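Only one structure is covered here, and it is reproduced in the block below.
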Amino acid sequence: MRALTWQGREKVSVEDVPDPVIQQPNDAIIQVTSTAICGSDLHLYTVLGPFLSPGDVLGHETMGVVVEAGPEAGDLEVGDRVVVPFNISCGTCWMCSRGLFAQCETTQVTEFGKGASLFGYTELYGSVPGGQAEFLRVPQAQFGPIKVPEGVDDERYLFLSDVLPTAWQAFMWADVPEDGTLAVFGLGPIGQMTARIAKLYGARVIGVDSVPERLALARQWDVEVVDTASVDDVPQAVLDLTGGRGADGTVDAVGMEAHGSPVAEAAIGLVGHLPDALAKPVTDRLAVDRLKALTDSIKSVRRGGTVSVSGVYGGEVDPMPVMEMFDRGITMRLGQCHVKRWTDDIIELLDKDTDVLGVETFATHRLPLDEAPAAYEMFQEKSDGCIKVVLKP
């Protein structure tokens, strides 16, 4: 089959690789009909390269049609149309029974002290081949895949794999009252959807970014925006918009590669060019992140408010403004999304006749799989108005 593979720092290519096969009784194989590029895929493109090997298949936002199901793959049948959550969980262990699917004890990568395995996401998370390919093996298929209706465009349901549940969790964890204010830092795919969900729940939303196309898209959904390219002090701008109090909740939808942290950026760049044998321990134990978005989200929330972190971080020695966090009594909630914890609520919206979240028009670029390398470059550079890319194998 054809698949998008990692080949080196900022180098991916579409190659012929072996077709996946059933390895465990609860596996399934799907023929991929749509797969998307995620912002966290860009971490693999650069920062997390030491934990990848040439030929690793990337991608974790995938849907398709079941072409083979193992004898213990639950009620999955050949021909079922499914969306595949990005984290791989069993649904029955101690963690899963408490809704903590991203910490599934059955698929935890204990060798590296990490949570549930992820599709297409380095040896730290299980080295499970990803879905930017013609076919995908789905472990734990008795629980993970989400069946969706026939006769509806893929993009009505594709984003159940990651974007929608991650944005849903980001908003829910920000604990914003119905008439409250949410400030969203980063208006990429997760930030855009978080803002739309917050508006749906009646919140006032302030979006923070510097990319003109992202700011314009957010405005279309009645989001007030702060352009970081024209504001020297972002937290002060948020305070000014909230009468000096700050937002009831903030969401950091950016993560480790935030702009505005030149020292950290230089350190990350240096580590990325070290041989893997040296880069791995440094990245795993001594890494720092670019923390501008996180710091601003902390400084922009009101006293007693909540900071919700959906952006991916990888640092072990990140400096944090702990005195200010303590003095202001804020709450922080963070971590990988527990996808299936939120899917029932989201599907209820997606099944409506009206596309209330704008999912069917969300992708700015739809490209064949063979154009994935150029799409990664475009997405990283935020060129050509690129906000979300869907690939068609």
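Scheme for the structure tokens: letters A, B, ... for chains in order shown; per-chain residue numbers from 1; ligand numbers from 1 in order shown.
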Next on the checklist: At a cut-off of 7 Å, using only C-alpha atoms, what residues contact Phe51 (chain A)? Leave out same-chain residues fewer than 3 positions from it and give the result as a PyMOL selection string.
Outcome noted: chain A and resi 48+122-124+280
Item to check | Close residues, His60 (chain A) itself excluded, 6 Å, only C-alpha atoms, min 5 positions apart in chain, as a PyMOL selection string | outcome: chain A and resi 86+119-120+130-131
Checklist entry - So which residues touch region 190-195 of chain A within 8 Å, counting only C-alpha atoms, skipping near sequence neighbours fewer than 2 positions away, as a PyMOL selection string? => result chain A and resi 163-164+166-168+170-171+184-188+197-199+205+207+218+223+251+253+357
Write a file of the just-selected residues containing C-alpha atoms, as a PDB file, in the first residue's frame.
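The resulting again21.pdb:
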```pdb
ATOM      1  CA  VAL A 163     -10.102  17.672  16.634  1.00  0.00           C
ATOM      2  CA  LEU A 164     -13.661  17.677  17.945  1.00  0.00           C
ATOM      3  CA  THR A 166      -9.910  17.492  21.943  1.00  0.00           C
ATOM      4  CA  ALA A 167     -11.643  20.843  21.499  1.00  0.00           C
ATOM      5  CA  TRP A 168     -14.649  19.617  23.485  1.00  0.00           C
ATOM      6  CA  ALA A 170     -10.497  21.783  26.213  1.00  0.00           C
ATOM      7  CA  PHE A 171     -13.707  23.766  26.664  1.00  0.00           C
ATOM      8  CA  VAL A 184      -8.460  30.694  23.441  1.00  0.00           C
ATOM      9  CA  PHE A 185      -4.726  30.902  22.723  1.00  0.00           C
ATOM     10  CA  GLY A 186      -3.950  29.576  19.249  1.00  0.00           C
ATOM     11  CA  LEU A 187      -6.582  29.574  16.511  1.00  0.00           C
ATOM     12  CA  GLY A 188      -5.406  26.523  14.635  1.00  0.00           C
ATOM     13  CA  ILE A 197     -18.104  24.888  20.954  1.00  0.00           C
ATOM     14  CA  ALA A 198     -17.809  27.637  23.577  1.00  0.00           C
ATOM     15  CA  LYS A 199     -20.079  29.908  21.507  1.00  0.00           C
ATOM     16  CA  VAL A 205     -14.915  34.026  23.351  1.00  0.00           C
ATOM     17  CA  GLY A 207      -9.294  34.324  20.343  1.00  0.00           C
ATOM     18  CA  ALA A 218     -12.616  33.157  14.087  1.00  0.00           C
ATOM     19  CA  VAL A 223     -15.140  35.555  18.208  1.00  0.00           C
ATOM     20  CA  VAL A 251      -7.348  27.375  26.713  1.00  0.00           C
ATOM     21  CA  ALA A 253      -4.344  25.235  22.132  1.00  0.00           C
ATOM     22  CA  LEU A 357     -20.004  23.423  14.083  1.00  0.00           C
TER      23      LEU A 357
END
```
Checklist entry - Asn26 (chain A): which residues within 10 Å, counting only C-alpha atoms, same-chain residues fewer than 2 positions away excluded, as number ranges by chain? => result A: 22-24, 28, 69-74, 76, 90, 138-143
Checklist outcome for this item: Expressed in Å, the length from CA of Asp370 (chain A) to CA of Gly79 (chain A) is 25.3 Å
Item to check | Polymer residues at most 10 Å from His365 (chain A), only C-alpha atoms, same-chain spacing of 4 or more positions, as number ranges by chain | outcome: A: 36, 375, 379, 384-391
Please produce a file of those selected residues containing C-alpha atoms, as a CSV table (one decimal), in the first residue's frame.
```csv
chain,number,residue,atom,x,y,z
A,36,ALA,CA,-6.1,14.6,8.2
A,375,ALA,CA,1.0,19.6,2.5
A,379,PHE,CA,0.8,23.4,7.1
A,384,ASP,CA,-1.7,29.5,1.2
A,385,GLY,CA,-4.3,30.2,4.0
A,386,CYS,CA,-3.8,26.6,5.3
A,387,ILE,CA,-5.7,25.9,8.5
A,388,LYS,CA,-6.7,22.2,8.1
A,389,VAL,CA,-5.6,19.6,5.5
A,390,VAL,CA,-7.6,16.4,4.6
A,391,LEU,CA,-5.8,13.8,2.6
```
Item to check | Spatial neighbours of Asp252 (chain A), 6 Å, only C-alpha atoms, chain gap at least 3 places, as a list in words | outcome: Phe185, Leu294, Val309 and Gly311 of chain A
Item to check | DSSP-assigned strand (DSSP E or B) among region 153-366 of chain A, expressed as a PyMOL selection string | outcome: chain A and resi 181-185+204-209+224-227+247-252+257+290+301-309+331-334+365-366
Based on the backbone DSSP call, show me all residues of region 199-245 of chain A assigned helix (DSSP H, G or I), as a short mmCIF file (atom, residue, chain, number, x, y, z; two decimals) with C-alpha atoms, in the first residue's frame.
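After the write, out34.cif holds the following:
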```
data_model
loop_
_atom_site.label_atom_id
_atom_site.label_comp_id
_atom_site.auth_asym_id
_atom_site.auth_seq_id
_atom_site.Cartn_x
_atom_site.Cartn_y
_atom_site.Cartn_z
CA LYS A 199 -20.08 29.91 21.51
CA LEU A 200 -22.57 27.07 21.22
CA PRO A 212 -4.54 36.75 9.48
CA GLU A 213 -6.52 33.85 8.00
CA ARG A 214 -7.04 32.30 11.42
CA LEU A 215 -8.16 35.58 12.93
CA ALA A 216 -10.55 36.18 10.03
CA LEU A 217 -12.07 32.69 10.35
CA ALA A 218 -12.62 33.16 14.09
CA ARG A 219 -14.34 36.50 13.48
CA GLN A 220 -16.79 34.72 11.18
CA VAL A 234 -1.24 39.90 25.29
CA PRO A 235 -2.40 39.23 28.89
CA GLN A 236 -2.97 42.95 29.37
CA ALA A 237 -5.05 43.02 26.20
CA VAL A 238 -7.22 40.20 27.57
CA LEU A 239 -7.50 41.98 30.91
CA ASP A 240 -8.55 45.18 29.13
CA LEU A 241 -11.31 43.26 27.31
#
```
Checklist outcome for this item: In terms of only C-alpha atoms, the residue from A:Val57, A:Leu367, A:Met256, A:Val226 at minimal distance from Lys292 (chain A) is A:Met256
Might you pull out every residue within 9 Å of Ala116 (chain A), with only C-alpha atoms counted and same-chain residues fewer than 6 positions away left off, and present them as a PDB file with C-alpha atoms, in the first residue's frame?
```pdb
ATOM      1  CA  ASN A  87      -5.626   7.075  21.254  1.00  0.00           C
ATOM      2  CA  ILE A  88      -5.836   3.295  21.541  1.00  0.00           C
ATOM      3  CA  SER A  89      -7.768   2.120  24.575  1.00  0.00           C
ATOM      4  CA  PHE A 101      -9.095   6.512  28.056  1.00  0.00           C
ATOM      5  CA  ALA A 102      -5.839   8.343  27.252  1.00  0.00           C
ATOM      6  CA  GLN A 103      -4.299   6.518  30.237  1.00  0.00           C
ATOM      7  CA  CYS A 104      -5.517   3.023  29.281  1.00  0.00           C
ATOM      8  CA  GLU A 105      -3.549   0.482  31.325  1.00  0.00           C
ATOM      9  CA  THR A 106      -3.842  -2.150  28.595  1.00  0.00           C
ATOM     10  CA  THR A 107      -2.001  -0.055  26.006  1.00  0.00           C
ATOM     11  CA  GLN A 108       0.191   2.138  28.240  1.00  0.00           C
ATOM     12  CA  VAL A 109       3.779   2.359  27.021  1.00  0.00           C
ATOM     13  CA  TYR A 125       3.635   5.966  22.343  1.00  0.00           C
ATOM     14  CA  GLY A 126       3.981   2.449  21.011  1.00  0.00           C
TER      15      GLY A 126
END
```
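Minimum atom-to-atom distances from A:Val317, A:Leu182, A:Ala372, A:Val66 to Lys392 (chain A) were compared using only C-alpha atoms, and the lowest value belongs to A:Ala372.
For the atom pair formed by CA of Gly39 (chain A) and CA of Leu52 (chain A), the distance is 17.1 Å, given to one decimal.
The gap separating CA of Ser117 (chain A) from CA of Leu369 (chain A) is 24.2 Å, in Å to one decimal.
Distances from A:Gln336, A:Thr354, A:Thr343, A:Thr250 to Leu118 (chain A) were compared using only C-alpha atoms, and the smallest one belongs to A:Gln336.
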